[in-house]
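As provided, entry.pdb (PDB, C-alpha atoms and all ligand atoms) reads as follows.
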```
ATOM      1  CA  MET X   1     122.605  70.532 100.680
ATOM      2  CA  THR X   2     121.760  73.370 103.051
ATOM      3  CA  PHE X   3     118.177  74.516 102.709
ATOM      4  CA  ARG X   4     117.888  77.988 104.175
ATOM      5  CA  LEU X   5     114.175  78.430 103.689
ATOM      6  CA  HIS X   6     113.476  77.493 107.282
ATOM      7  CA  PRO X   7     110.611  79.791 108.274
ATOM      8  CA  LEU X   8     111.699  80.320 111.864
ATOM      9  CA  VAL X   9     115.478  80.632 111.994
ATOM     10  CA  ASP X  10     118.053  82.987 110.472
ATOM     11  CA  ARG X  11     121.265  82.036 108.673
ATOM     12  CA  ALA X  12     123.061  81.591 111.967
ATOM     13  CA  GLY X  13     120.403  79.112 113.074
ATOM     14  CA  ARG X  14     118.913  81.510 115.678
ATOM     15  CA  PHE X  15     115.159  82.037 116.106
ATOM     16  CA  SER X  16     114.143  84.957 113.874
ATOM     17  CA  PRO X  17     111.077  86.905 115.139
ATOM     18  CA  ILE X  18     110.682  88.730 111.812
ATOM     19  CA  LYS X  19     110.687  85.483 109.790
ATOM     20  CA  ALA X  20     108.325  83.782 112.235
ATOM     21  CA  THR X  21     105.889  86.740 112.104
ATOM     22  CA  VAL X  22     105.899  86.932 108.310
ATOM     23  CA  PHE X  23     105.500  83.148 108.074
ATOM     24  CA  ALA X  24     102.445  83.252 110.365
ATOM     25  CA  LEU X  25     100.952  86.175 108.385
ATOM     26  CA  LEU X  26     101.472  84.332 105.095
ATOM     27  CA  LEU X  27      99.406  81.414 106.385
ATOM     28  CA  VAL X  28      96.414  83.581 107.364
ATOM     29  CA  PRO X  29      94.719  84.111 103.936
ATOM     30  CA  GLY X  30      95.089  80.429 103.030
ATOM     31  CA  LEU X  31      93.688  79.207 106.341
ATOM     32  CA  TRP X  32      90.904  81.794 106.176
ATOM     33  CA  THR X  33      89.889  80.650 102.674
ATOM     34  CA  ALA X  34      90.114  76.972 103.676
ATOM     35  CA  ILE X  35      87.872  77.576 106.718
ATOM     36  CA  ASP X  36      85.377  79.576 104.625
ATOM     37  CA  LEU X  37      85.346  76.774 102.064
ATOM     38  CA  ALA X  38      84.847  74.085 104.726
ATOM     39  CA  THR X  39      82.080  76.018 106.497
ATOM     40  CA  GLY X  40      80.178  76.991 103.350
ATOM     41  CA  ASN X  41      80.934  80.678 103.747
ATOM     42  CA  LEU X  42      81.934  81.362 100.136
ATOM     43  CA  GLY X  43      78.539  81.811  98.519
ATOM     44  CA  PRO X  44      76.729  79.698  95.941
ATOM     45  CA  ARG X  45      79.884  78.868  93.908
ATOM     46  CA  PRO X  46      82.460  78.250  96.622
ATOM     47  CA  PHE X  47      85.220  76.851  94.398
ATOM     48  CA  ASP X  48      85.024  79.817  92.022
ATOM     49  CA  ALA X  49      85.211  82.174  95.004
ATOM     50  CA  ALA X  50      88.193  80.256  96.445
ATOM     51  CA  THR X  51      89.894  80.372  93.017
ATOM     52  CA  ARG X  52      89.478  84.154  93.000
ATOM     53  CA  GLU X  53      90.727  84.489  96.607
ATOM     54  CA  THR X  54      93.872  82.440  95.963
ATOM     55  CA  GLY X  55      94.515  84.219  92.640
ATOM     56  CA  THR X  56      94.236  87.614  94.321
ATOM     57  CA  TRP X  57      96.673  86.550  97.042
ATOM     58  CA  THR X  58      99.109  85.157  94.476
ATOM     59  CA  ILE X  59      99.426  88.521  92.730
ATOM     60  CA  ARG X  60      99.527  90.428  96.034
ATOM     61  CA  LEU X  61     102.387  88.247  97.255
ATOM     62  CA  ILE X  62     104.309  88.604  93.977
ATOM     63  CA  PHE X  63     104.093  92.373  94.424
ATOM     64  CA  LEU X  64     104.963  92.164  98.134
ATOM     65  CA  SER X  65     108.105  90.218  97.228
ATOM     66  CA  LEU X  66     108.942  93.044  94.807
ATOM     67  CA  LEU X  67     108.369  95.577  97.582
ATOM     68  CA  VAL X  68     110.914  93.981  99.928
ATOM     69  CA  THR X  69     114.031  95.461  98.257
ATOM     70  CA  PRO X  70     112.725  99.081  98.130
ATOM     71  CA  LEU X  71     111.493  98.741 101.723
ATOM     72  CA  GLN X  72     114.826  97.380 102.825
ATOM     73  CA  GLN X  73     116.674 100.248 101.112
ATOM     74  CA  LEU X  74     114.355 103.111 102.046
ATOM     75  CA  ALA X  75     113.714 101.989 105.620
ATOM     76  CA  GLN X  76     117.330 100.927 106.178
ATOM     77  CA  TRP X  77     116.123  97.548 107.326
ATOM     78  CA  PRO X  78     118.652  94.940 106.124
ATOM     79  CA  LYS X  79     116.968  92.099 108.007
ATOM     80  CA  LEU X  80     113.946  92.367 105.713
ATOM     81  CA  VAL X  81     115.852  90.593 102.953
ATOM     82  CA  SER X  82     115.545  87.375 104.963
ATOM     83  CA  VAL X  83     111.787  87.269 104.251
ATOM     84  CA  ARG X  84     111.948  87.933 100.499
ATOM     85  CA  ARG X  85     112.393  84.293  99.545
ATOM     86  CA  MET X  86     109.642  83.247 101.917
ATOM     87  CA  VAL X  87     107.160  85.694 100.370
ATOM     88  CA  GLY X  88     108.145  84.564  96.851
ATOM     89  CA  VAL X  89     107.730  80.885  97.709
ATOM     90  CA  ALA X  90     104.374  81.671  99.362
ATOM     91  CA  ALA X  91     103.247  83.379  96.117
ATOM     92  CA  CYS X  92     104.065  80.150  94.290
ATOM     93  CA  VAL X  93     102.180  78.022  96.842
ATOM     94  CA  TYR X  94      99.077  80.252  96.557
ATOM     95  CA  GLY X  95      99.418  80.060  92.742
ATOM     96  CA  LEU X  96      99.506  76.254  92.890
ATOM     97  CA  ALA X  97      96.431  76.243  95.149
ATOM     98  CA  HIS X  98      94.726  78.571  92.627
ATOM     99  CA  LEU X  99      95.478  76.096  89.811
ATOM    100  CA  ALA X 100      94.379  73.138  91.978
ATOM    101  CA  LEU X 101      91.031  74.852  92.665
ATOM    102  CA  PHE X 102      90.594  75.411  88.935
ATOM    103  CA  VAL X 103      91.195  71.656  88.442
ATOM    104  CA  VAL X 104      88.515  70.913  91.062
ATOM    105  CA  HIS X 105      86.184  73.341  89.284
ATOM    106  CA  GLU X 106      86.769  71.353  86.062
ATOM    107  CA  ARG X 107      85.886  68.147  87.980
ATOM    108  CA  TYR X 108      89.424  66.735  87.762
ATOM    109  CA  ASP X 109      89.142  66.445  83.979
ATOM    110  CA  PHE X 110      92.849  67.010  83.268
ATOM    111  CA  VAL X 111      92.392  66.844  79.490
ATOM    112  CA  LYS X 112      89.818  69.664  79.738
ATOM    113  CA  VAL X 113      92.133  71.646  82.052
ATOM    114  CA  ALA X 114      95.037  71.284  79.597
ATOM    115  CA  SER X 115      92.898  72.230  76.592
ATOM    116  CA  GLU X 116      91.469  75.265  78.456
ATOM    117  CA  ILE X 117      95.015  76.406  79.243
ATOM    118  CA  VAL X 118      96.000  76.050  75.584
ATOM    119  CA  LEU X 119      92.832  77.594  74.117
ATOM    120  CA  ARG X 120      92.065  80.454  76.513
ATOM    121  CA  ILE X 121      94.749  83.063  76.229
ATOM    122  CA  TYR X 122      94.203  84.467  79.748
ATOM    123  CA  LEU X 123      94.766  80.973  81.172
ATOM    124  CA  THR X 124      97.861  80.451  78.968
ATOM    125  CA  ILE X 125      99.249  83.708  80.388
ATOM    126  CA  GLY X 126      98.379  82.710  83.975
ATOM    127  CA  PHE X 127      99.975  79.316  83.449
ATOM    128  CA  ALA X 128     103.169  80.882  82.057
ATOM    129  CA  ALA X 129     103.312  83.124  85.151
ATOM    130  CA  LEU X 130     102.858  80.115  87.424
ATOM    131  CA  LEU X 131     105.583  78.119  85.632
ATOM    132  CA  GLY X 132     107.891  81.103  86.116
ATOM    133  CA  LEU X 133     107.018  81.340  89.821
ATOM    134  CA  ALA X 134     107.669  77.607  90.238
ATOM    135  CA  ALA X 135     111.074  77.943  88.540
ATOM    136  CA  LEU X 136     111.982  80.772  90.931
ATOM    137  CA  ALA X 137     110.729  78.838  93.976
ATOM    138  CA  VAL X 138     112.758  75.684  93.231
ATOM    139  CA  THR X 139     115.890  77.733  92.609
ATOM    140  CA  SER X 140     115.538  79.753  95.805
ATOM    141  CA  THR X 141     117.753  77.564  98.015
ATOM    142  CA  ASP X 142     121.316  78.470  98.968
ATOM    143  CA  ALA X 143     122.509  75.324  97.191
ATOM    144  CA  MET X 144     120.897  76.545  93.946
ATOM    145  CA  ILE X 145     122.496  79.989  94.315
ATOM    146  CA  ARG X 146     125.889  78.287  94.592
ATOM    147  CA  ARG X 147     125.149  76.048  91.612
ATOM    148  CA  LEU X 148     123.981  78.860  89.327
ATOM    149  CA  GLY X 149     126.522  81.389  90.585
ATOM    150  CA  ALA X 150     125.363  84.680  92.141
ATOM    151  CA  LYS X 151     125.253  86.454  88.760
ATOM    152  CA  GLY X 152     123.341  83.708  86.939
ATOM    153  CA  TRP X 153     120.955  83.322  89.855
ATOM    154  CA  ARG X 154     120.247  87.063  89.962
ATOM    155  CA  ARG X 155     119.643  87.115  86.208
ATOM    156  CA  LEU X 156     117.220  84.172  86.474
ATOM    157  CA  HIS X 157     115.359  85.810  89.352
ATOM    158  CA  GLN X 158     114.881  88.993  87.332
ATOM    159  CA  ALA X 159     112.180  86.915  85.620
ATOM    160  CA  VAL X 160     109.944  88.069  88.473
ATOM    161  CA  TYR X 161     109.505  91.391  86.604
ATOM    162  CA  VAL X 162     108.030  89.530  83.610
ATOM    163  CA  ILE X 163     105.947  87.349  85.944
ATOM    164  CA  GLY X 164     104.519  90.550  87.467
ATOM    165  CA  VAL X 165     103.410  91.716  84.004
ATOM    166  CA  LEU X 166     101.918  88.315  83.078
ATOM    167  CA  ALA X 167     100.042  88.146  86.388
ATOM    168  CA  THR X 168      98.604  91.649  85.878
ATOM    169  CA  VAL X 169      97.553  90.886  82.279
ATOM    170  CA  HIS X 170      95.887  87.625  83.436
ATOM    171  CA  PHE X 171      94.075  89.628  86.128
ATOM    172  CA  PHE X 172      92.885  92.233  83.583
ATOM    173  CA  MET X 173      91.728  89.676  81.029
ATOM    174  CA  GLN X 174      89.638  87.587  83.415
ATOM    175  CA  SER X 175      88.060  90.646  85.039
ATOM    176  CA  LYS X 176      85.560  91.219  82.210
ATOM    177  CA  LEU X 177      83.513  94.131  83.602
ATOM    178  CA  ASN X 178      85.198  95.370  86.761
ATOM    179  CA  VAL X 179      88.808  96.381  86.149
ATOM    180  CA  TYR X 180      89.190  98.362  89.373
ATOM    181  CA  GLN X 181      91.590  95.952  91.109
ATOM    182  CA  PRO X 182      93.711  95.147  88.024
ATOM    183  CA  LEU X 183      94.137  98.900  87.435
ATOM    184  CA  VAL X 184      95.307  99.368  91.025
ATOM    185  CA  MET X 185      97.726  96.445  90.688
ATOM    186  CA  ALA X 186      99.052  97.786  87.366
ATOM    187  CA  GLY X 187      99.654 101.190  89.014
ATOM    188  CA  LEU X 188     101.469  99.632  91.964
ATOM    189  CA  TYR X 189     103.554  97.488  89.631
ATOM    190  CA  LEU X 190     104.576 100.607  87.693
ATOM    191  CA  TRP X 191     105.529 102.325  90.957
ATOM    192  CA  LEU X 192     107.724  99.393  92.010
ATOM    193  CA  MET X 193     109.419  99.262  88.589
ATOM    194  CA  LEU X 194     109.990 103.033  88.332
ATOM    195  CA  TYR X 195     111.475 103.052  91.824
ATOM    196  CA  ARG X 196     113.940 100.316  90.772
ATOM    197  CA  ILE X 197     114.939 102.211  87.624
ATOM    198  CA  VAL X 198     115.476 105.461  89.555
ATOM    199  CA  ALA X 199     117.349 103.689  92.387
ATOM    200  CA  ALA X 200     119.623 101.885  89.892
ATOM    201  CA  ARG X 201     120.486 105.213  88.212
ATOM    202  CA  SER X 202     120.922 107.119  91.434
ATOM    203  CA  PRO X 203     124.542 108.275  91.888
ATOM    204  CA  ARG X 204     124.416 107.057  95.475
ATOM    205  CA  ALA X 205     122.955 103.674  94.610
ATOM    206  CA  ARG X 206     120.587 102.243  97.215
ATOM    207  CA  GLN X 207     120.165 105.648  98.854
ATOM    208  CA  THR X 208     117.190 106.980  96.946
ATOM    209  CA  PRO X 209     115.472 109.593  99.131
ATOM    210  CA  LEU X 210     112.002 108.911 100.453
ATOM    211  CA  LEU X 211     110.815 112.068  98.707
ATOM    212  CA  THR X 212     111.687 110.552  95.308
ATOM    213  CA  ALA X 213     109.549 107.497  96.080
ATOM    214  CA  GLY X 214     106.726 109.892  97.096
ATOM    215  CA  VAL X 215     106.965 111.885  93.864
ATOM    216  CA  LEU X 216     106.964 108.620  91.899
ATOM    217  CA  ALA X 217     103.834 107.475  93.767
ATOM    218  CA  MET X 218     102.052 110.730  92.803
ATOM    219  CA  ALA X 219     103.133 110.421  89.163
ATOM    220  CA  VAL X 220     102.009 106.794  89.012
ATOM    221  CA  ALA X 221      98.652 107.673  90.626
ATOM    222  CA  ALA X 222      98.095 110.245  87.838
ATOM    223  CA  ILE X 223      99.135 107.694  85.185
ATOM    224  CA  THR X 224      96.697 105.162  86.701
ATOM    225  CA  ALA X 225      93.869 107.722  86.461
ATOM    226  CA  LEU X 226      94.786 108.367  82.799
ATOM    227  CA  GLY X 227      94.975 104.587  82.215
ATOM    228  CA  GLU X 228      91.487 104.197  83.661
ATOM    229  CA  ALA X 229      90.148 106.930  81.371
ATOM    230  CA  LEU X 230      91.860 105.315  78.359
ATOM    231  CA  TYR X 231      90.453 101.895  79.254
ATOM    232  CA  PHE X 232      86.886 103.231  79.505
ATOM    233  CA  ARG X 233      87.317 105.097  76.208
ATOM    234  CA  LEU X 234      88.636 102.067  74.311
ATOM    235  CA  ALA X 235      86.547  99.319  75.905
ATOM    236  CA  ARG X 236      83.236 101.130  76.515
ATOM    237  CA  GLY X 237      83.383 104.309  74.452
ATOM    238  CA  VAL X 238      82.979 106.481  77.592
ATOM    239  CA  ASP X 239      84.157 110.112  77.354
ATOM    240  CA  PRO X 240      87.617 110.128  79.067
ATOM    241  CA  LEU X 241      86.867 113.533  80.632
ATOM    242  CA  ARG X 242      83.888 112.027  82.466
ATOM    243  CA  VAL X 243      86.119 109.315  83.922
ATOM    244  CA  LEU X 244      88.835 111.805  84.844
ATOM    245  CA  SER X 245      86.359 114.172  86.481
ATOM    246  CA  ALA X 246      85.043 111.234  88.549
ATOM    247  CA  ASN X 247      88.484 111.320  90.188
ATOM    248  CA  LEU X 248      87.766 114.823  91.433
ATOM    249  CA  SER X 249      84.145 114.266  92.334
ATOM    250  CA  LEU X 250      83.039 114.036  95.951
ATOM    251  CA  ASP X 251      80.018 111.920  94.967
ATOM    252  CA  ASP X 252      79.724 108.549  96.621
ATOM    253  CA  ILE X 253      81.298 106.464  93.844
ATOM    254  CA  GLY X 254      84.140 105.135  95.943
ATOM    255  CA  MET X 255      87.886 105.770  95.731
ATOM    256  CA  ARG X 256      89.052 105.631  92.095
ATOM    257  CA  PRO X 257      92.064 103.397  91.216
ATOM    258  CA  GLY X 258      94.446 106.381  90.914
ATOM    259  CA  TRP X 259      93.594 107.527  94.448
ATOM    260  CA  MET X 260      93.932 103.962  95.743
ATOM    261  CA  VAL X 261      97.442 103.721  94.256
ATOM    262  CA  LEU X 262      98.318 107.015  95.952
ATOM    263  CA  PHE X 263      96.790 105.807  99.216
ATOM    264  CA  VAL X 264      98.789 102.536  99.209
ATOM    265  CA  GLY X 265     101.973 104.418  98.243
ATOM    266  CA  ALA X 266     101.404 106.963 101.040
ATOM    267  CA  ALA X 267     100.720 104.186 103.566
ATOM    268  CA  VAL X 268     103.968 102.376 102.665
ATOM    269  CA  LEU X 269     105.987 105.600 102.812
ATOM    270  CA  THR X 270     104.419 106.590 106.148
ATOM    271  CA  VAL X 271     105.491 103.271 107.673
ATOM    272  CA  ILE X 272     109.023 103.856 106.356
ATOM    273  CA  ALA X 273     109.103 107.453 107.671
ATOM    274  CA  LEU X 274     107.937 106.270 111.104
ATOM    275  CA  ARG X 275     110.646 103.622 111.226
ATOM    276  CA  LEU X 276     113.306 106.161 110.241
ATOM    277  CA  ALA X 277     112.027 108.511 112.954
ATOM    278  CA  VAL X 278     112.241 105.720 115.538
ATOM    279  CA  LEU X 279     115.786 104.867 114.398
ATOM    280  CA  ARG X 280     116.784 108.512 114.660
ATOM    281  CA  GLY X 281     115.135 108.794 118.067
ATOM    282  CA  SER X 282     117.051 105.789 119.328
ATOM    283  CA  GLY X 283     120.273 107.509 118.264
ATOM    284  CA  LEU X 284     121.257 105.020 115.567
ATOM    285  CA  ARG X 285     123.337 106.475 112.775
ATOM    286  CA  LEU X 286     121.372 106.580 109.519
ATOM    287  CA  ARG X 287     123.032 106.023 106.170
ATOM    288  CA  ALA X 288     120.978 108.627 104.318
ATOM    289  CA  ALA X 289     117.723 110.449 104.669
TER     290      ALA X 289
HETATM  291  C1  LIG F 301     101.064  83.328  88.896
HETATM  292  C2  LIG F 301      99.976  82.881  88.312
HETATM  293  C3  LIG F 301      98.594  83.418  88.500
HETATM  294  C4  LIG F 301      98.156  84.567  89.118
HETATM  295  C5  LIG F 301      98.980  85.644  89.794
HETATM  296  C6  LIG F 301      96.728  84.584  89.009
HETATM  297  C7  LIG F 301      95.924  85.586  89.524
HETATM  298  C8  LIG F 301      94.556  85.652  89.361
HETATM  299  C9  LIG F 301      93.743  86.725  89.827
HETATM  300  C10 LIG F 301      94.242  87.945  90.580
HETATM  301  C11 LIG F 301      92.473  86.441  89.497
HETATM  302  C12 LIG F 301      91.245  87.321  89.739
HETATM  303  C13 LIG F 301      90.694  87.180  91.102
HETATM  304  C14 LIG F 301      89.498  88.103  91.284
HETATM  305  O1  LIG F 301      88.697  88.269  90.375
HETATM  306  O2  LIG F 301      89.385  88.674  92.369
HETATM  307  C15 LIG F 301      92.475  85.173  88.797
HETATM  308  C16 LIG F 301      91.362  84.566  88.299
HETATM  309  C17 LIG F 301      91.373  83.359  87.677
HETATM  310  N1  LIG F 301      92.479  82.585  87.417
HETATM  311 FE1  LIG F 301      94.389  83.011  87.868
HETATM  312  N2  LIG F 301      96.310  83.466  88.332
HETATM  313  C18 LIG F 301      97.425  82.730  87.995
HETATM  314  C19 LIG F 301      97.453  81.541  87.335
HETATM  315  C20 LIG F 301      96.340  80.863  86.917
HETATM  316  C21 LIG F 301      96.340  79.556  86.327
HETATM  317  C22 LIG F 301      97.580  78.705  86.050
HETATM  318  C23 LIG F 301      95.032  79.221  86.073
HETATM  319  C24 LIG F 301      94.457  77.993  85.477
HETATM  320  C25 LIG F 301      94.989  77.313  84.526
HETATM  321  C26 LIG F 301      94.212  80.328  86.512
HETATM  322  C27 LIG F 301      92.846  80.383  86.413
HETATM  323  C28 LIG F 301      92.047  81.423  86.818
HETATM  324  C29 LIG F 301      90.602  81.453  86.669
HETATM  325  C30 LIG F 301      89.740  80.379  86.054
HETATM  326  C31 LIG F 301      90.171  82.672  87.211
HETATM  327  C32 LIG F 301      88.739  83.209  87.269
HETATM  328  C33 LIG F 301      88.071  82.706  88.514
HETATM  329  C34 LIG F 301      86.613  83.133  88.526
HETATM  330  O3  LIG F 301      86.298  84.281  88.192
HETATM  331  O4  LIG F 301      85.779  82.304  88.889
HETATM  332  N3  LIG F 301      95.045  81.312  87.017
HETATM  333  N4  LIG F 301      93.753  84.719  88.735
END
```

Show the structure stored in the file as structure tokens.
Ligand code: HEM
Amino acid sequence: MTFRLHPLVDRAGRFSPIKATVFALLLVPGLWTAIDLATGNLGPRPFDAATRETGTWTIRLIFLSLLVTPLQQLAQWPKLVSVRRMVGVAACVYGLAHLALFVVHERYDFVKVASEIVLRIYLTIGFAALLGLAALAVTSTDAMIRRLGAKGWRRLHQAVYVIGVLATVHFFMQSKLNVYQPLVMAGLYLWLMLYRIVAARSPRARQTPLLTAGVLAMAVAAITALGEALYFRLARGVDPLRVLSANLSLDDIGMRPGWMVLFVGAAVLTVIALRLAVLRGSGLRLRAA
């Protein structure tokens, strides 16, 4: 069986700088959290804090793995696809660490852990997402692709879209009071999904213009702001207009989730535009602008 998940080499067996860099970057949050845990830097409830850290990185990595295909298409960067599996497997590893820390928090009482997962709906949802991630990780080898057939494998790996929803719902449900980050993640998830739908319907498939992705980012930022207003109306009875006007206020209340979604979208698109400019400058022929 050939196992092509080697973090340092490409398919031809040559050292791959892009894979090595991404591999090193993927280790950073885990090592950082482990060092903080070992040196008592995580506050009065270190295992709870480490559970939150690893959970946050799990969802970020799921979304990063979803970002690889649009990035590869928009930035005309075919080599990026070589890191998609690595990011997906890393999401699973962080998810397993997140579960392990929860087990430590429950003092290794596995019966309690199992009953919590069954009884608390947000944990049931998180567990379902983790099972899905594990299924995708173990089927991410070349040998598995051959065994399942390219079509079957692709269909199975579309489960990542459902996993993205489950992860976001789990994030929302455990957040209790502060839903800022889950709202941002929900907005970014919507952006990634809308981009895929538009790209799939585009007459020149895989050549969706950058401008389209920008317009989608603006639309999703507005939807996120409306979602925030709706949440505060339903959960806290706050006047939606007050929440919406906070988006336009210059008072020091921090960047609202809608603006954050727009900021992240703009940052991603700026990186892509810079790469395209560099490619153009170096005289390489571009497929589409
Ligand atoms: C793919 C699967 C999962 C993802 C993406 C995920 C993600 C997250 C995220 C983002 C948070 C919030 C972190 C924060 O507040 O900053 C969180 C919290 C939490 N998750 Fe998960 N999770 C997953 C699976 C699980 C599983 C399987 C369990 C346990 C059975 C679990 C237990 C918890 C607990 C207990 C918290 C609250 C921690 C605290 O506030 O002290 N999660 N998770």

Using all atoms listed in the file, find each residue in chain X having at least one atom no more than 9 Å away from ligand LIG 301 (chain F); report its shortest atom-to-atom pair and that distance in Å (one decimal), rows by chain then rising number, as JSON lines.
```
{"residue": "X:Arg45", "atom": "CA", "partner": "F:LIG301", "partner_atom": "O4", "distance": 8.5}
{"residue": "X:Phe47", "atom": "CA", "partner": "F:LIG301", "partner_atom": "O4", "distance": 7.8}
{"residue": "X:Asp48", "atom": "CA", "partner": "F:LIG301", "partner_atom": "O4", "distance": 4.1}
{"residue": "X:Ala49", "atom": "CA", "partner": "F:LIG301", "partner_atom": "O4", "distance": 6.1}
{"residue": "X:Ala50", "atom": "CA", "partner": "F:LIG301", "partner_atom": "O4", "distance": 8.2}
{"residue": "X:Thr51", "atom": "CA", "partner": "F:LIG301", "partner_atom": "C33", "distance": 5.4}
{"residue": "X:Arg52", "atom": "CA", "partner": "F:LIG301", "partner_atom": "C13", "distance": 3.8}
{"residue": "X:Glu53", "atom": "CA", "partner": "F:LIG301", "partner_atom": "O2", "distance": 6.1}
{"residue": "X:Thr54", "atom": "CA", "partner": "F:LIG301", "partner_atom": "C8", "distance": 7.4}
{"residue": "X:Gly55", "atom": "CA", "partner": "F:LIG301", "partner_atom": "C8", "distance": 3.6}
{"residue": "X:Thr56", "atom": "CA", "partner": "F:LIG301", "partner_atom": "C10", "distance": 3.8}
{"residue": "X:Trp57", "atom": "CA", "partner": "F:LIG301", "partner_atom": "C10", "distance": 7.0}
{"residue": "X:Thr58", "atom": "CA", "partner": "F:LIG301", "partner_atom": "C5", "distance": 4.7}
{"residue": "X:Ile59", "atom": "CA", "partner": "F:LIG301", "partner_atom": "C5", "distance": 4.1}
{"residue": "X:Arg60", "atom": "CA", "partner": "F:LIG301", "partner_atom": "C5", "distance": 7.9}
{"residue": "X:Leu61", "atom": "CA", "partner": "F:LIG301", "partner_atom": "C5", "distance": 8.6}
{"residue": "X:Ile62", "atom": "CA", "partner": "F:LIG301", "partner_atom": "C5", "distance": 7.4}
{"residue": "X:Ala91", "atom": "CA", "partner": "F:LIG301", "partner_atom": "C1", "distance": 7.5}
{"residue": "X:Cys92", "atom": "CA", "partner": "F:LIG301", "partner_atom": "C1", "distance": 6.9}
{"residue": "X:Tyr94", "atom": "CA", "partner": "F:LIG301", "partner_atom": "C1", "distance": 8.5}
{"residue": "X:Gly95", "atom": "CA", "partner": "F:LIG301", "partner_atom": "C2", "distance": 5.3}
{"residue": "X:Leu96", "atom": "CA", "partner": "F:LIG301", "partner_atom": "C22", "distance": 7.5}
{"residue": "X:His98", "atom": "CA", "partner": "F:LIG301", "partner_atom": "N3", "distance": 6.3}
{"residue": "X:Leu99", "atom": "CA", "partner": "F:LIG301", "partner_atom": "C24", "distance": 4.8}
{"residue": "X:Ala100", "atom": "CA", "partner": "F:LIG301", "partner_atom": "C24", "distance": 8.1}
{"residue": "X:Leu101", "atom": "CA", "partner": "F:LIG301", "partner_atom": "C27", "distance": 8.5}
{"residue": "X:Phe102", "atom": "CA", "partner": "F:LIG301", "partner_atom": "C24", "distance": 5.8}
{"residue": "X:Val103", "atom": "CA", "partner": "F:LIG301", "partner_atom": "C24", "distance": 7.7}
{"residue": "X:His105", "atom": "CA", "partner": "F:LIG301", "partner_atom": "C30", "distance": 8.5}
{"residue": "X:Val113", "atom": "CA", "partner": "F:LIG301", "partner_atom": "C25", "distance": 6.8}
{"residue": "X:Ala114", "atom": "CA", "partner": "F:LIG301", "partner_atom": "C25", "distance": 7.8}
{"residue": "X:Glu116", "atom": "CA", "partner": "F:LIG301", "partner_atom": "C25", "distance": 7.3}
{"residue": "X:Ile117", "atom": "CA", "partner": "F:LIG301", "partner_atom": "C25", "distance": 5.4}
{"residue": "X:Tyr122", "atom": "CA", "partner": "F:LIG301", "partner_atom": "C26", "distance": 7.9}
{"residue": "X:Leu123", "atom": "CA", "partner": "F:LIG301", "partner_atom": "C25", "distance": 5.0}
{"residue": "X:Thr124", "atom": "CA", "partner": "F:LIG301", "partner_atom": "C25", "distance": 7.0}
{"residue": "X:Ile125", "atom": "CA", "partner": "F:LIG301", "partner_atom": "C19", "distance": 7.5}
{"residue": "X:Gly126", "atom": "CA", "partner": "F:LIG301", "partner_atom": "C19", "distance": 3.7}
{"residue": "X:Phe127", "atom": "CA", "partner": "F:LIG301", "partner_atom": "C22", "distance": 3.6}
{"residue": "X:Ala128", "atom": "CA", "partner": "F:LIG301", "partner_atom": "C22", "distance": 7.2}
{"residue": "X:Ala129", "atom": "CA", "partner": "F:LIG301", "partner_atom": "C1", "distance": 4.4}
{"residue": "X:Leu130", "atom": "CA", "partner": "F:LIG301", "partner_atom": "C1", "distance": 4.0}
{"residue": "X:Leu131", "atom": "CA", "partner": "F:LIG301", "partner_atom": "C1", "distance": 7.6}
{"residue": "X:Gly132", "atom": "CA", "partner": "F:LIG301", "partner_atom": "C1", "distance": 7.7}
{"residue": "X:Leu133", "atom": "CA", "partner": "F:LIG301", "partner_atom": "C1", "distance": 6.3}
{"residue": "X:Ala134", "atom": "CA", "partner": "F:LIG301", "partner_atom": "C1", "distance": 8.8}
{"residue": "X:Ile163", "atom": "CA", "partner": "F:LIG301", "partner_atom": "C1", "distance": 7.0}
{"residue": "X:Gly164", "atom": "CA", "partner": "F:LIG301", "partner_atom": "C5", "distance": 7.8}
{"residue": "X:Leu166", "atom": "CA", "partner": "F:LIG301", "partner_atom": "C1", "distance": 7.7}
{"residue": "X:Ala167", "atom": "CA", "partner": "F:LIG301", "partner_atom": "C5", "distance": 4.4}
{"residue": "X:Thr168", "atom": "CA", "partner": "F:LIG301", "partner_atom": "C5", "distance": 7.2}
{"residue": "X:His170", "atom": "CA", "partner": "F:LIG301", "partner_atom": "C8", "distance": 6.4}
{"residue": "X:Phe171", "atom": "CA", "partner": "F:LIG301", "partner_atom": "C9", "distance": 4.7}
{"residue": "X:Phe172", "atom": "CA", "partner": "F:LIG301", "partner_atom": "C12", "distance": 8.0}
{"residue": "X:Met173", "atom": "CA", "partner": "F:LIG301", "partner_atom": "C16", "distance": 8.9}
{"residue": "X:Gln174", "atom": "CA", "partner": "F:LIG301", "partner_atom": "C32", "distance": 5.9}
{"residue": "X:Ser175", "atom": "CA", "partner": "F:LIG301", "partner_atom": "O1", "distance": 5.9}
{"residue": "X:Asn178", "atom": "CA", "partner": "F:LIG301", "partner_atom": "O1", "distance": 8.7}
{"residue": "X:Gln181", "atom": "CA", "partner": "F:LIG301", "partner_atom": "O2", "distance": 7.7}
{"residue": "X:Pro182", "atom": "CA", "partner": "F:LIG301", "partner_atom": "C10", "distance": 7.7}
```

Picked residues, the PyMOL selection byres (((chain X and resi 64-74) around 8) and not hetatm), as a PyMOL selection string:
chain X and resi 60-63+75-81+84-85+87-88+192+195-196+206-210+272

Have a look at CA of Gly254 (chain X) and CA of Tyr180 (chain X) and let me know their distance in Å, one decimal.
10.7 Å

Selection under test: the PyMOL selection byres (((chain X and resi 9) around 12) and not hetatm); residues as a PyMOL selection string
chain X and resi 3-8+10-21+23+82-83+86

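Minimum atom-to-atom distances from X:Thr224, X:Pro240, X:Val169, X:Ala137 to Val89 (chain X) were compared using only C-alpha atoms, and the lowest value belongs to X:Ala137.
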